[in-house]
file data-v2.txt (compact mmCIF, C-alpha atoms and all ligand atoms)
# COMPACT_ATOMS: atom_id res chain seq x y z
CA MET A 1 -66.63 7.33 9.82
CA ILE A 2 -66.50 9.05 13.17
CA ASN A 3 -67.60 6.96 16.14
CA ILE A 4 -68.31 9.33 18.99
CA HIS A 5 -68.73 6.77 21.74
CA THR A 6 -67.46 3.22 21.90
CA HIS A 7 -66.24 0.76 24.51
CA GLN A 8 -64.69 -1.46 21.85
CA VAL A 9 -60.94 -1.41 21.95
CA SER A 10 -60.18 -3.39 18.84
CA GLN A 11 -62.07 -1.77 16.01
CA HIS A 12 -60.57 1.59 15.18
CA GLU A 13 -61.23 2.09 11.52
CA GLY A 14 -61.59 5.79 11.20
CA PHE A 15 -61.86 8.05 14.18
CA ALA A 16 -63.31 6.82 17.47
CA ILE A 17 -63.60 8.14 20.98
CA GLN A 18 -63.09 5.25 23.32
CA SER A 19 -65.04 5.64 26.53
CA LEU A 20 -63.41 4.31 29.71
CA TYR A 21 -65.01 4.02 33.14
CA GLN A 22 -62.35 1.71 34.56
CA ASN A 23 -58.87 0.43 33.68
CA PHE A 24 -57.63 3.93 33.00
CA GLU A 25 -54.13 2.43 33.01
CA SER A 26 -54.93 0.90 29.63
CA MET A 27 -54.92 4.30 27.93
CA SER A 28 -52.54 4.56 25.00
CA THR A 29 -51.19 7.73 23.44
CA LEU A 30 -52.43 6.55 20.05
CA SER A 31 -56.17 6.64 20.80
CA TYR A 32 -58.69 9.26 21.78
CA TYR A 33 -60.69 8.88 24.97
CA SER A 34 -63.47 10.12 27.13
CA ILE A 35 -63.20 9.20 30.80
CA GLY A 36 -65.60 9.37 33.69
CA ILE A 37 -67.54 7.45 36.31
CA HIS A 38 -70.44 5.62 34.68
CA PRO A 39 -73.54 5.91 36.91
CA ARG A 40 -74.10 2.16 36.65
CA PHE A 41 -70.64 1.32 37.90
CA ILE A 42 -70.20 3.50 40.97
CA HIS A 43 -68.26 1.87 43.77
CA SER A 44 -69.33 3.89 46.77
CA ASP A 45 -66.15 3.06 48.70
CA THR A 46 -63.63 3.94 45.98
CA TYR A 47 -65.26 6.50 43.70
CA GLN A 48 -63.37 9.40 45.28
CA GLN A 49 -60.00 7.87 44.43
CA GLU A 50 -61.31 7.04 40.97
CA PHE A 51 -62.37 10.61 40.45
CA GLU A 52 -58.95 11.90 41.56
CA LYS A 53 -57.42 9.70 38.85
CA ILE A 54 -59.90 11.04 36.32
CA LYS A 55 -59.11 14.63 37.26
CA LEU A 56 -55.44 14.00 36.60
CA LEU A 57 -55.77 11.92 33.42
CA SER A 58 -58.43 14.09 31.82
CA GLN A 59 -55.86 16.84 31.38
CA LYS A 60 -54.14 14.74 28.72
CA GLU A 61 -54.51 16.03 25.22
CA ASN A 62 -55.91 12.79 23.84
CA VAL A 63 -58.72 12.79 26.41
CA LEU A 64 -61.24 14.69 24.34
CA ALA A 65 -64.23 14.60 26.67
CA ILE A 66 -65.46 13.95 30.19
CA GLY A 67 -67.85 11.02 30.68
CA GLU A 68 -69.80 9.03 30.20
CA CYS A 69 -71.39 10.35 33.33
CA GLY A 70 -74.91 11.22 34.36
CA LEU A 71 -77.98 9.77 36.03
CA ASP A 72 -79.53 6.34 35.72
CA ARG A 73 -82.72 5.32 37.51
CA LEU A 74 -81.98 1.67 36.86
CA SER A 75 -78.62 1.87 38.60
CA SER A 76 -78.44 0.32 42.06
CA THR A 77 -76.48 3.33 43.33
CA ASP A 78 -78.30 5.83 45.53
CA PHE A 79 -79.68 8.62 43.34
CA LYS A 80 -78.33 11.38 45.58
CA LEU A 81 -74.83 9.97 45.28
CA GLN A 82 -75.25 9.74 41.49
CA GLU A 83 -76.20 13.41 41.45
CA LYS A 84 -73.18 14.38 43.54
CA ILE A 85 -70.80 12.52 41.22
CA PHE A 86 -72.48 13.94 38.13
CA ILE A 87 -72.02 17.47 39.50
CA ASP A 88 -68.30 16.74 40.02
CA HIS A 89 -68.08 15.80 36.33
CA ILE A 90 -69.94 18.95 35.23
CA ASN A 91 -67.49 21.09 37.20
CA LEU A 92 -64.50 19.19 35.82
CA ALA A 93 -65.69 19.56 32.22
CA ASN A 94 -66.17 23.30 32.75
CA GLN A 95 -62.74 23.63 34.34
CA LEU A 96 -60.98 21.81 31.52
CA ALA A 97 -63.20 23.26 28.80
CA LYS A 98 -63.81 19.79 27.37
CA PRO A 99 -67.18 18.45 26.13
CA ILE A 100 -69.20 16.20 28.41
CA ILE A 101 -70.77 12.88 27.35
CA ILE A 102 -73.98 12.06 29.18
CA HIS A 103 -75.47 8.70 30.07
CA CYS A 104 -79.10 9.19 31.00
CA VAL A 105 -81.74 6.60 31.82
CA LYS A 106 -85.19 7.66 33.00
CA ALA A 107 -83.84 10.88 34.51
CA TYR A 108 -83.91 13.50 31.75
CA ARG A 109 -85.62 16.15 33.83
CA GLU A 110 -83.04 15.92 36.63
CA THR A 111 -80.12 15.71 34.21
CA LEU A 112 -81.17 18.82 32.29
CA GLN A 113 -81.80 20.60 35.57
CA LEU A 114 -78.33 19.86 36.96
CA LEU A 115 -76.64 20.92 33.72
CA LYS A 116 -78.44 24.20 34.02
CA SER A 117 -77.97 24.74 37.78
CA TYR A 118 -74.25 24.04 37.57
CA GLN A 119 -73.91 26.21 34.49
CA ILE A 120 -72.39 23.81 32.04
CA ASN A 121 -70.53 25.90 29.50
CA VAL A 122 -69.01 23.23 27.25
CA PRO A 123 -70.68 21.13 24.52
CA VAL A 124 -73.02 18.44 25.90
CA ILE A 125 -73.62 15.14 24.13
CA PHE A 126 -76.43 12.83 25.21
CA HIS A 127 -75.11 9.48 24.07
CA GLY A 128 -77.12 6.39 23.10
CA TYR A 129 -80.28 8.44 22.76
CA ASN A 130 -83.35 6.25 23.04
CA ASN A 131 -86.29 8.34 24.13
CA ASN A 132 -89.20 10.30 22.73
CA GLU A 133 -89.24 13.22 20.32
CA GLU A 134 -90.36 15.77 22.89
CA THR A 135 -87.33 15.16 25.10
CA ALA A 136 -85.07 15.17 22.03
CA GLN A 137 -86.44 18.58 21.05
CA GLN A 138 -85.89 19.85 24.57
CA ILE A 139 -82.27 18.69 24.45
CA ILE A 140 -81.47 20.32 21.14
CA GLN A 141 -83.22 23.51 22.18
CA GLU A 142 -80.59 23.76 24.89
CA LYS A 143 -78.05 23.52 22.06
CA TYR A 144 -76.94 20.09 23.26
CA MET A 145 -76.14 17.23 20.89
CA LEU A 146 -77.71 13.79 20.56
CA SER A 147 -75.75 10.68 19.70
CA PHE A 148 -77.53 7.67 18.20
CA GLY A 149 -76.50 4.04 17.88
CA LYS A 150 -78.31 0.74 18.07
CA SER A 151 -81.62 2.44 18.86
CA LEU A 152 -81.82 3.45 15.18
CA PHE A 153 -82.87 -0.09 14.45
CA ASN A 154 -86.24 0.28 16.13
CA THR A 155 -89.09 1.95 14.30
CA ARG A 156 -90.03 4.42 17.02
CA MET A 157 -86.50 5.83 17.09
CA GLU A 158 -86.33 5.93 13.30
CA THR A 159 -89.09 8.53 13.41
CA VAL A 160 -87.41 10.57 16.14
CA PHE A 161 -84.07 10.45 14.31
CA SER A 162 -85.60 11.47 10.99
CA LYS A 163 -86.80 14.70 12.59
CA MET A 164 -83.50 15.71 14.18
CA PRO A 165 -81.43 18.43 12.46
CA ILE A 166 -78.32 16.83 11.00
CA ASP A 167 -76.01 19.34 12.67
CA LYS A 168 -77.26 18.24 16.10
CA ILE A 169 -76.42 14.55 15.86
CA PHE A 170 -73.57 12.12 16.28
CA LEU A 171 -73.31 8.40 15.64
CA GLU A 172 -71.81 5.72 17.86
CA ASN A 173 -71.69 1.99 18.48
CA ASP A 174 -71.29 2.04 22.30
CA SER A 175 -70.91 -1.52 23.57
CA GLY A 176 -70.65 -2.87 20.07
CA GLU A 177 -73.88 -4.76 19.34
CA LYS A 178 -73.78 -3.03 15.96
CA ASP A 179 -70.81 -2.23 13.85
CA ILE A 180 -70.28 1.52 13.31
CA LYS A 181 -70.66 0.89 9.55
CA GLU A 182 -74.12 -0.63 10.14
CA VAL A 183 -75.12 2.41 12.21
CA TYR A 184 -74.00 4.77 9.42
CA ASP A 185 -75.83 2.70 6.78
CA GLN A 186 -79.02 2.78 8.81
CA ALA A 187 -78.71 6.52 9.55
CA SER A 188 -78.16 7.39 5.89
CA LYS A 189 -81.19 5.29 4.95
CA ILE A 190 -83.43 7.03 7.49
CA LYS A 191 -82.14 10.51 6.57
CA ASN A 192 -82.22 9.63 2.90
CA ILE A 193 -78.76 11.05 2.25
CA SER A 194 -75.62 9.39 0.90
CA LEU A 195 -73.03 7.86 3.21
CA GLU A 196 -70.51 10.42 1.93
CA GLN A 197 -72.77 13.34 2.82
CA LEU A 198 -73.50 11.84 6.21
CA SER A 199 -69.84 11.21 7.01
CA LEU A 200 -68.90 14.70 5.95
CA GLN A 201 -71.58 16.19 8.20
CA MET A 202 -70.43 14.09 11.18
CA LYS A 203 -66.89 15.40 10.64
CA LYS A 204 -68.19 18.95 10.56
CA ASN A 205 -70.12 18.38 13.80
CA CYS A 206 -67.06 16.87 15.40
CA THR A 207 -64.83 19.71 14.31
CA ARG A 208 -67.29 22.20 15.77
CA VAL A 209 -67.89 20.42 19.08
CA PHE A 210 -64.34 19.28 19.80
CA ASN A 211 -62.69 22.31 18.29
CA LYS A 212 -60.38 20.01 16.37
CA THR A 213 -60.01 19.15 12.72
CA PHE A 214 -61.03 15.69 11.65
CA TYR A 215 -60.23 15.80 7.97
CA GLU A 216 -57.42 13.35 7.36
ZN ZN A 301 -71.35 3.71 26.81

call {"tool": "encode", "arguments": {"input": "data-v2.txt", "output": "structure tokens"}}
result
Amino acid sequence: MINIHTHQVSQHEGFAIQSLYQNFESMSTLSYYSIGIHPRFIHSDTYQQEFEKIKLLSQKENVLAIGECGLDRLSSTDFKLQEKIFIDHINLANQLAKPIIIHCVKAYRETLQLLKSYQINVPVIFHGYNNNEETAQQIIQEKYMLSFGKSLFNTRMETVFSKMPIDKIFLENDSGEKDIKEVYDQASKIKNISLEQLSLQMKKNCTRVFNKTFYE
């Protein structure tokens, strides 16, 4: 079971991309990571040093993606500064040719606009998707991916998820309210396919997006 985005360190059954926005020193060579400045945890006095660290560490082979990064209207950080930092991450992802993992809250229009203006040319994954169908359609029309987690347990999102093409989605457990197994169970129920089929498809998606084989 591939877990595309998690902040849990302990549970690593199967393949997981652990997302770090601090404590980059804790990285081990045995895990896979995505690293970036989370728009909710921007320290305006130190983010430049943080980003220098990220630039260096993200070259490591086991850092598979840049992020989570993006825009968050509920963050206390000035929106202009969020945009500036997000643009830095877009440029870095392009430079390194590594996928970018997006955190987006109430700022889809601006996020999509910046991705376009700064010519993102690597795979884009909107993680923890929890919005309406129209926006979801807009995202996949751009050939971006959507990752779903705990939101699958609310009825509105069940409907959105059921309509998404299976080759456009990932599954995750983010901060760990749900176990990744529970997320897969729920997703297979909504999609009405077996867990085996679902897992196989997630591996295919992963292989395509990360340009890496995930068949152990
Ligand atoms: Zn997260």

call {"tool": "atom_distance", "arguments": {"input": "data-v2.txt", "atom1": "atom CA of Lys60 of chain A", "atom2": "atom CA of Ile87 of chain A"}}
result
21.1 Å

call {"tool": "residues_near_ligand", "arguments": {"input": "data-v2.txt", "ligand": "ligand ZN 301 (chain A)", "cutoff": "7 Å", "atoms": "only C-alpha atoms and all ligand atoms", "output": "list in words"}}
result
His5, Thr6, His7, Ser19, Glu68, Asp174 and Ser175 of chain A

call {"tool": "residues_around", "arguments": {"input": "data-v2.txt", "residues": "Ser75 of chain A", "least_positions_apart": "3", "cutoff": "10 Å", "atoms": "all atoms listed in the file", "output": "list in words"}}
result
His38, Pro39, Arg40, Phe41, Ile42, Leu71, Asp72, Asp78, Phe79, Gln82 and Val105 of chain A

call {"tool": "residues_around", "arguments": {"input": "data-v2.txt", "residues": "Arg109 of chain A", "least_positions_apart": "4", "cutoff": "12 Å", "atoms": "all atoms listed in the file", "output": "list in words"}}
result
Gly70, Leu71, Asp72, Arg73, Cys104, Val105, Gln113, Leu114, Leu115, Lys116, Glu134, Thr135, Ala136, Gln138 and Ile139 of chain A

call {"tool": "closest_residue", "arguments": {"input": "data-v2.txt", "among": "A:Lys168, A:Leu74, A:His127, A:Ser188", "to": "Gln141 of chain A", "atoms": "only C-alpha atoms"}}
result
A:Lys168

call {"tool": "atom_distance", "arguments": {"input": "data-v2.txt", "atom1": "atom CA of Ile85 of chain A", "atom2": "atom CA of Ile140 of chain A"}}
result
24.0 Å

call {"tool": "closest_residue", "arguments": {"input": "data-v2.txt", "among": "A:Glu172, A:Asp167, A:Glu142, A:Glu50", "to": "Ile2 of chain A", "atoms": "only C-alpha atoms"}}
result
A:Glu172

call {"tool": "axis_aligned_box", "arguments": {"input": "data-v2.txt", "around": "segment 123-138 of chain A", "padding_each_side": "8 Å", "output": "AutoDock Vina command-line options"}}
result
--center_x -80.5 --center_y 13.7 --center_z 23.1 --size_x 35.7 --size_y 30.9 --size_z 21.6

call {"tool": "residues_around", "arguments": {"input": "data-v2.txt", "residues": "Asn62 of chain A", "least_positions_apart": "3", "cutoff": "9 Å", "atoms": "only C-alpha atoms", "output": "list in words"}}
result
Ser28, Thr29, Leu30, Ser31, Tyr32, Tyr33, Ser34, Ser58, Gln59 and Ala65 of chain A

call {"tool": "closest_residue", "arguments": {"input": "data-v2.txt", "among": "A:Ile120, A:Ala93, A:Met202, A:Ile190", "to": "Ser147 of chain A", "atoms": "only C-alpha atoms"}}
result
A:Met202

call {"tool": "closest_residue", "arguments": {"input": "data-v2.txt", "among": "A:Lys53, A:Leu81, A:Pro123, A:Phe15", "to": "Asn211 of chain A", "atoms": "only C-alpha atoms"}}
result
A:Pro123

call {"tool": "atom_distance", "arguments": {"input": "data-v2.txt", "atom1": "atom CA of Ala97 of chain A", "atom2": "atom CA of Asn3 of chain A"}}
result
21.1 Å

call {"tool": "residues_around", "arguments": {"input": "data-v2.txt", "residues": "Leu171 of chain A", "least_positions_apart": "5", "cutoff": "12 Å", "atoms": "all atoms listed in the file", "output": "ChimeraX atom specification"}}
result
/A:1-6,15-17,125-129,145-152,161,166,178-188,198-199,201-203,205-206
